[in-house]
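Below you'll find the structure, written out as structure tokens, and then a few comments.
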Amino acid sequence: MRRNKLSFLEIDYENMAKKDKKSSEKGKVRAPFQSPKGMHDILPLDEPMWEKLRKDVRTIAEAYNFRRIDTTLLEPLDLFLRSLGASSDIVEKQMFAFRTKGGDMLVLRPEGTASVMRAYIQHGLSHLGQPLKLYYIGPMFRYEQPQAGRLRQLHQAGFEILGGDEDPVYDAQVILACYRVLESAKIKQLIVRVNTIGCRNCRPNYRKKLTDYYAGRGGNSNKEKLMCRDCKRRLEENPLRLLDCKVPGCIALKKDAPVMLDSLCSFCKNHFKNVLEYIEELKIPYALDHHLVRGLDYYNRTVFEIFTESEAPADSKAPEGKLGPQKFEYALGGGGRFDYLAEMIGGRETSAVGGAVGLDRVVEVMKAFGVSSGRAVEKVFLIHIGDLAKKKSLALIEMLRHEGINVAETLGKESLKAQLRSADKGGSSVVLIFGQKEALEDSIIIRDLRTGAQETIPLHKIAAEVKRRFK
Ligand code: HAM
């Protein structure tokens, strides 16, 4: 028997295939396959919106001199254990991890930053410039409980600035790049929530203050009893994460917790002050959020998240199909500084800062607000009548494509009526009709579907005529 090892399980494909065959022989109706839970296909009707967004990301990235990087979808599991931290939600609960037949432990990347830093170190990319600005667009995978805005296959556009000086101007630049992407999607009332979580020198002092507060040393001592189970553990492992907890009892407890700002060293204080001054100068709306810590170990100093405060109109359609005003409680983007990440994964000390925008959430908000993807690409529809015209149609399409004209057709259909119906469905307003007579005379009929007006034109002039009409 042939067995393949995947995901710690031995999958017996032969047995599975046998069972499958048996059930089909019994005449059981088999349900059609569905995409995995929390993972969505991006369908043709939504693609123009996605494509606009990807294009805007590319334009913004190029304008600020970010260079594209595409890292592998699978990464060594250890990369994320070391960089995100064993107590992060992603590592604890959300990794799509498996063991290969060769024994390697791999994971579908849950985020892009550690991958980009891995590639930066592996390929010695520092020689490309200091700092090096990189951007990416692509899918990430997290084993989440799916709900609105929370998917298992999500798409991010990320901006990372690696190497060079730890200059606060770069913190402001990544915030700006993320902000501009959201602005390009016409999302209104954006607000950047920003905080600092200090550095190796000042954070231990803050951690102590926080632990003392929660453990009740020197004051009221029953907080620990009121905490959720996860927070009791976090108190030992990573007390900063207590500020991140969304359980109502824990939210109430953090109200009087000490804030990092009071424990910052002078370097961090100055760094944060400068970041705020830059974003003020850029007129980016922001709010200080002393409880923002972000759940990943690699961050230090600046951390930020971007939200929209606007509500979608009452008649907008939520993804679950509900009607009514919609608030968007989730972050549309987030990031921060990660100066220690390179060392954490075996590289040299490298200052770094970055951020990522969640494209699925952006598309969800765009849909709720009825933001359109802009003008669709115009296409001419080619209709053929008869064998000779059909034979010559492929070469004609090539000639038009060479001239930069997009051509739609249903060459497999023969009836004029059916082809006209397809043209109408596809949204083409200009139709070319190529019949037996035209094919013999090297001419073609051009017809405006909106007015019904048509004329016959020599074939060599058709590209110029279509372009004139599209203008
Ligand atoms: P993150 O906050 O985990 O940060 O994700 C960034 C954005 O991705 C979030 O603000 C959200 O919009 C979107 N996102 C996250 N999880 C999901 C999900 N399950 N479903 C849908 N969208 C989601 C990072 O990933 C960091 N690597 C960002 C960064 C870049 N930090 C420094 N450089």
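Residue numbering restarts at 1 in every chain; chains get A, B, ... in the order shown in the structure tokens, and ligands count up from 1 in that same order.
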
Check which residues of region 99-207 of chain A sit at most 12 Å from region 44-63 of chain A using only C-alpha atoms, and return one row each with the closest pair of atoms and their distance in Å to one decimal, ordered by chain and rising number, as a tab-separated table.
residue	atom	partner	partner_atom	distance
A:Lys133	CA	A:Ala61	CA	9.0
A:Leu134	CA	A:Ala61	CA	8.4
A:Tyr135	CA	A:Ala61	CA	6.8
A:Tyr136	CA	A:Arg58	CA	8.9
A:Ile137	CA	A:Arg54	CA	7.4
A:Gly138	CA	A:Arg54	CA	9.7
A:His155	CA	A:Trp50	CA	10.4
A:Gln156	CA	A:Arg54	CA	10.0
A:Ala157	CA	A:Val57	CA	7.1
A:Gly158	CA	A:Val57	CA	9.1
A:Phe159	CA	A:Ala61	CA	7.8
A:Glu160	CA	A:Ala61	CA	10.4
A:Ile161	CA	A:Ala61	CA	11.6
A:Gln173	CA	A:Ala61	CA	10.8
A:Val174	CA	A:Ala61	CA	10.0
A:Leu176	CA	A:Ile60	CA	9.9
A:Ala177	CA	A:Ile60	CA	6.8
A:Cys178	CA	A:Val57	CA	8.9
A:Tyr179	CA	A:Ile60	CA	10.2
A:Arg180	CA	A:Ile60	CA	7.3
A:Val181	CA	A:Val57	CA	6.0
A:Leu182	CA	A:Leu53	CA	9.1
A:Glu183	CA	A:Asp56	CA	10.0
A:Ser184	CA	A:Asp56	CA	6.7
A:Ala185	CA	A:Leu53	CA	6.9
A:Lys186	CA	A:Leu53	CA	10.6

Can you pull out every residue from region 11-204 of chain A that DSSP, working from the backbone, puts in alpha helix (DSSP H), and format the result as JSON, numbers by chain? {"A": [13, 14, 15, 16, 17, 18, 19, 20, 21, 22, 23, 24, 25, 47, 48, 49, 50, 51, 52, 53, 54, 55, 56, 57, 58, 59, 60, 61, 62, 63, 77, 78, 79, 80, 81, 82, 83, 84, 89, 90, 91, 92, 93, 113, 114, 115, 116, 117, 118, 119, 120, 121, 122, 168, 169, 170, 171, 172, 173, 174, 175, 176, 177, 178, 179, 180, 181, 182, 183, 184, 203, 204]}

Using only C-alpha atoms and all ligand atoms, I'd like a table of the residues in chain A that come within 8 Å of ligand 1; for each, show the closest atom pair and its distance in Å rounded to one decimal, ordered by chain and ascending number, as CSV.
residue,atom,partner,partner_atom_place_in_ligand_line,distance
A:Pro110,CA,ligand 1,25 (O),7.3
A:Glu111,CA,ligand 1,25 (O),4.6
A:Gly112,CA,ligand 1,27 (N),5.2
A:Thr113,CA,ligand 1,27 (N),4.6
A:Ala114,CA,ligand 1,27 (N),7.3
A:Phe141,CA,ligand 1,19 (N),7.7
A:Arg142,CA,ligand 1,19 (N),6.0
A:Tyr143,CA,ligand 1,19 (N),7.8
A:Glu144,CA,ligand 1,19 (N),6.0
A:Pro146,CA,ligand 1,19 (N),7.5
A:Gly149,CA,ligand 1,21 (C),4.9
A:Arg150,CA,ligand 1,20 (N),3.4
A:Leu151,CA,ligand 1,20 (N),3.8
A:Arg152,CA,ligand 1,19 (N),5.6
A:Gln153,CA,ligand 1,20 (N),7.0
A:Leu154,CA,ligand 1,21 (C),4.9
A:His155,CA,ligand 1,22 (N),6.8
A:Gln156,CA,ligand 1,8 (O),5.7
A:Gly158,CA,ligand 1,30 (C),5.7
A:Phe159,CA,ligand 1,30 (C),6.4
A:Glu160,CA,ligand 1,33 (N),5.6
A:Arg294,CA,ligand 1,2 (O),7.2
A:Gly295,CA,ligand 1,3 (O),7.9
A:Tyr299,CA,ligand 1,32 (C),7.8
A:Glu305,CA,ligand 1,10 (O),6.5
A:Ile306,CA,ligand 1,10 (O),7.1
A:Tyr330,CA,ligand 1,12 (O),7.1
A:Ala331,CA,ligand 1,10 (O),4.4
A:Leu332,CA,ligand 1,12 (O),3.7
A:Gly333,CA,ligand 1,10 (O),3.3
A:Gly334,CA,ligand 1,10 (O),4.5
A:Gly335,CA,ligand 1,31 (N),3.5
A:Gly336,CA,ligand 1,32 (C),5.0
A:Arg337,CA,ligand 1,32 (C),6.5
A:Phe338,CA,ligand 1,32 (C),6.9
A:Val353,CA,ligand 1,32 (C),6.0
A:Gly354,CA,ligand 1,33 (N),3.4
A:Gly355,CA,ligand 1,30 (C),3.5
A:Ala356,CA,ligand 1,28 (C),4.5
A:Val357,CA,ligand 1,7 (C),4.8
A:Gly358,CA,ligand 1,12 (O),3.4
A:Leu359,CA,ligand 1,12 (O),6.8
A:Asp360,CA,ligand 1,21 (C),5.9
A:Arg361,CA,ligand 1,22 (N),5.8
A:Val362,CA,ligand 1,12 (O),7.6

Among listed residues A:Val259, A:Ala215, A:Val275, A:Leu264, nearest Arg203 (chain A) (using only C-alpha atoms):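 Ranked by minimum distance to Arg203 (chain A), first place goes to A:Leu264.
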
For region 289-311 of chain A against region 242-252 of chain A, with a cut-off of 7 Å and counting only C-alpha atoms, what is the closest atom pair and its distance in Å to one decimal for every residue that makes the cut, ordered by chain and number, as a Markdown table?
| residue | atom | partner | partner_atom | distance |
| --- | --- | --- | --- | --- |
| A:His291 | CA | A:Leu243 | CA | 5.4 |
| A:Leu292 | CA | A:Asp244 | CA | 6.8 |
| A:Val293 | CA | A:Asp244 | CA | 6.4 |
| A:Arg294 | CA | A:Asp244 | CA | 6.9 |

Create the file for the chosen residues now, containing N, CA, C and O atoms and written as a short mmCIF file (atom, residue, chain, number, x, y, z; two decimals), in the first residue's frame.
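The new file part-v5.cif reads:
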data_model
loop_
_atom_site.label_atom_id
_atom_site.label_comp_id
_atom_site.auth_asym_id
_atom_site.auth_seq_id
_atom_site.Cartn_x
_atom_site.Cartn_y
_atom_site.Cartn_z
N HIS A 291 -3.07 51.40 25.12
CA HIS A 291 -3.23 49.96 25.30
C HIS A 291 -2.88 49.16 24.05
O HIS A 291 -2.99 47.95 24.04
N LEU A 292 -2.49 49.88 23.00
CA LEU A 292 -2.15 49.16 21.76
C LEU A 292 -0.75 48.55 21.90
O LEU A 292 0.23 49.27 22.09
N VAL A 293 -0.68 47.22 21.87
CA VAL A 293 0.64 46.57 22.01
C VAL A 293 0.95 45.67 20.82
O VAL A 293 2.08 45.34 20.56
N ARG A 294 -0.08 45.26 20.07
CA ARG A 294 0.05 44.31 18.96
C ARG A 294 0.54 42.97 19.53
O ARG A 294 1.30 42.91 20.46
#

Expected answer as a PyMOL selection string: strand (DSSP E or B) residues in region 184-319 of chain A: chain A and resi 190-196+286-288+300-308+312+317

Find the spatial neighbours of His384 (chain A), counting only C-alpha atoms, within a cut-off of 10 Å - ignore same-chain residues fewer than 3 positions away - and output them as a PyMOL selection string. chain A and resi 387-393+409-416+419+432-436+438-439+444

Output N, CA, C and O atoms for every residue in that selection, as a compact mmCIF listing (two decimals), in the first residue's frame.
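Result went into part18.txt, see below:
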# COMPACT_ATOMS: atom_id res chain seq x y z
N ASP A 387 -18.24 29.97 -42.33
CA ASP A 387 -16.96 29.30 -42.10
C ASP A 387 -15.75 30.15 -42.46
O ASP A 387 -14.75 30.17 -41.75
N LEU A 388 -15.84 30.84 -43.62
CA LEU A 388 -14.67 31.61 -44.06
C LEU A 388 -14.35 32.71 -43.05
O LEU A 388 -13.19 32.90 -42.66
N ALA A 389 -15.40 33.40 -42.60
CA ALA A 389 -15.21 34.48 -41.62
C ALA A 389 -14.63 33.91 -40.32
O ALA A 389 -13.73 34.50 -39.72
N LYS A 390 -15.14 32.73 -39.92
CA LYS A 390 -14.64 32.12 -38.68
C LYS A 390 -13.15 31.82 -38.81
O LYS A 390 -12.36 32.08 -37.91
N LYS A 391 -12.78 31.26 -39.99
CA LYS A 391 -11.38 30.91 -40.22
C LYS A 391 -10.48 32.14 -40.11
O LYS A 391 -9.40 32.11 -39.57
N LYS A 392 -10.97 33.26 -40.67
CA LYS A 392 -10.13 34.47 -40.68
C LYS A 392 -10.19 35.25 -39.36
O LYS A 392 -9.43 36.19 -39.16
N SER A 393 -11.13 34.83 -38.46
CA SER A 393 -11.36 35.61 -37.24
C SER A 393 -10.15 35.61 -36.30
O SER A 393 -9.82 36.63 -35.70
N GLU A 409 -15.28 37.53 -27.76
CA GLU A 409 -15.95 36.76 -28.81
C GLU A 409 -16.55 35.49 -28.23
O GLU A 409 -16.19 35.09 -27.13
N THR A 410 -17.44 34.87 -28.99
CA THR A 410 -17.90 33.51 -28.68
C THR A 410 -17.79 32.74 -30.00
O THR A 410 -18.81 32.46 -30.65
N LEU A 411 -16.56 32.47 -30.41
CA LEU A 411 -16.32 31.86 -31.72
C LEU A 411 -16.96 30.48 -31.85
O LEU A 411 -17.20 30.00 -32.95
N GLY A 412 -17.25 29.84 -30.71
CA GLY A 412 -17.87 28.51 -30.72
C GLY A 412 -19.35 28.57 -31.09
O GLY A 412 -19.96 27.55 -31.39
N LYS A 413 -19.94 29.77 -31.02
CA LYS A 413 -21.37 29.90 -31.38
C LYS A 413 -21.48 30.32 -32.83
O LYS A 413 -20.67 31.13 -33.30
N GLU A 414 -22.50 29.82 -33.53
CA GLU A 414 -22.63 30.15 -34.95
C GLU A 414 -23.75 31.16 -35.20
O GLU A 414 -23.65 31.99 -36.10
N SER A 415 -24.83 31.12 -34.37
CA SER A 415 -25.98 31.99 -34.71
C SER A 415 -25.71 33.45 -34.35
O SER A 415 -25.10 33.75 -33.31
N LEU A 416 -26.16 34.32 -35.25
CA LEU A 416 -25.96 35.76 -35.06
C LEU A 416 -26.64 36.22 -33.78
O LEU A 416 -26.08 36.99 -32.98
N GLN A 419 -24.75 35.25 -30.63
CA GLN A 419 -23.52 36.04 -30.47
C GLN A 419 -23.85 37.46 -30.02
O GLN A 419 -23.16 38.03 -29.18
N LEU A 432 -18.23 44.16 -33.91
CA LEU A 432 -17.77 44.01 -35.30
C LEU A 432 -18.45 42.78 -35.88
O LEU A 432 -18.42 41.72 -35.25
N ILE A 433 -19.06 42.94 -37.04
CA ILE A 433 -19.72 41.78 -37.67
C ILE A 433 -18.96 41.41 -38.94
O ILE A 433 -18.78 42.24 -39.85
N PHE A 434 -18.47 40.17 -38.93
CA PHE A 434 -17.60 39.70 -39.99
C PHE A 434 -18.32 38.54 -40.68
O PHE A 434 -18.39 37.42 -40.17
N GLY A 435 -18.92 38.80 -41.87
CA GLY A 435 -19.69 37.76 -42.58
C GLY A 435 -18.92 37.25 -43.79
O GLY A 435 -17.79 37.67 -44.06
N GLN A 436 -19.58 36.36 -44.54
CA GLN A 436 -18.97 35.75 -45.73
C GLN A 436 -18.56 36.84 -46.74
O GLN A 436 -17.43 36.85 -47.22
N GLU A 438 -18.06 40.07 -46.26
CA GLU A 438 -16.98 40.93 -45.74
C GLU A 438 -15.64 40.20 -45.79
O GLU A 438 -14.62 40.79 -46.14
N ALA A 439 -15.67 38.89 -45.46
CA ALA A 439 -14.42 38.13 -45.45
C ALA A 439 -13.83 38.07 -46.86
O ALA A 439 -12.62 38.13 -47.05
N ILE A 444 -15.42 44.94 -42.99
CA ILE A 444 -16.09 44.50 -41.77
C ILE A 444 -17.16 45.52 -41.39
O ILE A 444 -17.02 46.72 -41.69

Can you work out which one of A:Asp165, A:Asp70, A:Asp89, A:Glu14 has the shortest atom-to-atom distance to Arg234 (chain A), counting only C-alpha atoms?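 Distance minimum relative to Arg234 (chain A) lands on A:Asp89.
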
Contacts of Leu128 (chain A) at 12 Å or less, counting only C-alpha atoms, minus same-chain residues fewer than 5 places along, as a list in words?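 With the cut-off at 12 Å, the set is Phe66, Arg67, Tyr120, His123, Lys133, Leu134, Leu162, Gly163 and Gly164 of chain A.
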
Skip Lys327 (chain A) itself and residues of its chain fewer than 6 positions away, then list as a ChimeraX atom specification all residues within 8 Å of it, counting only C-alpha atoms. /A:309-312

The distance between CA of Asn406 (chain A) and CA of Arg68 (chain A) is 27.8 Å
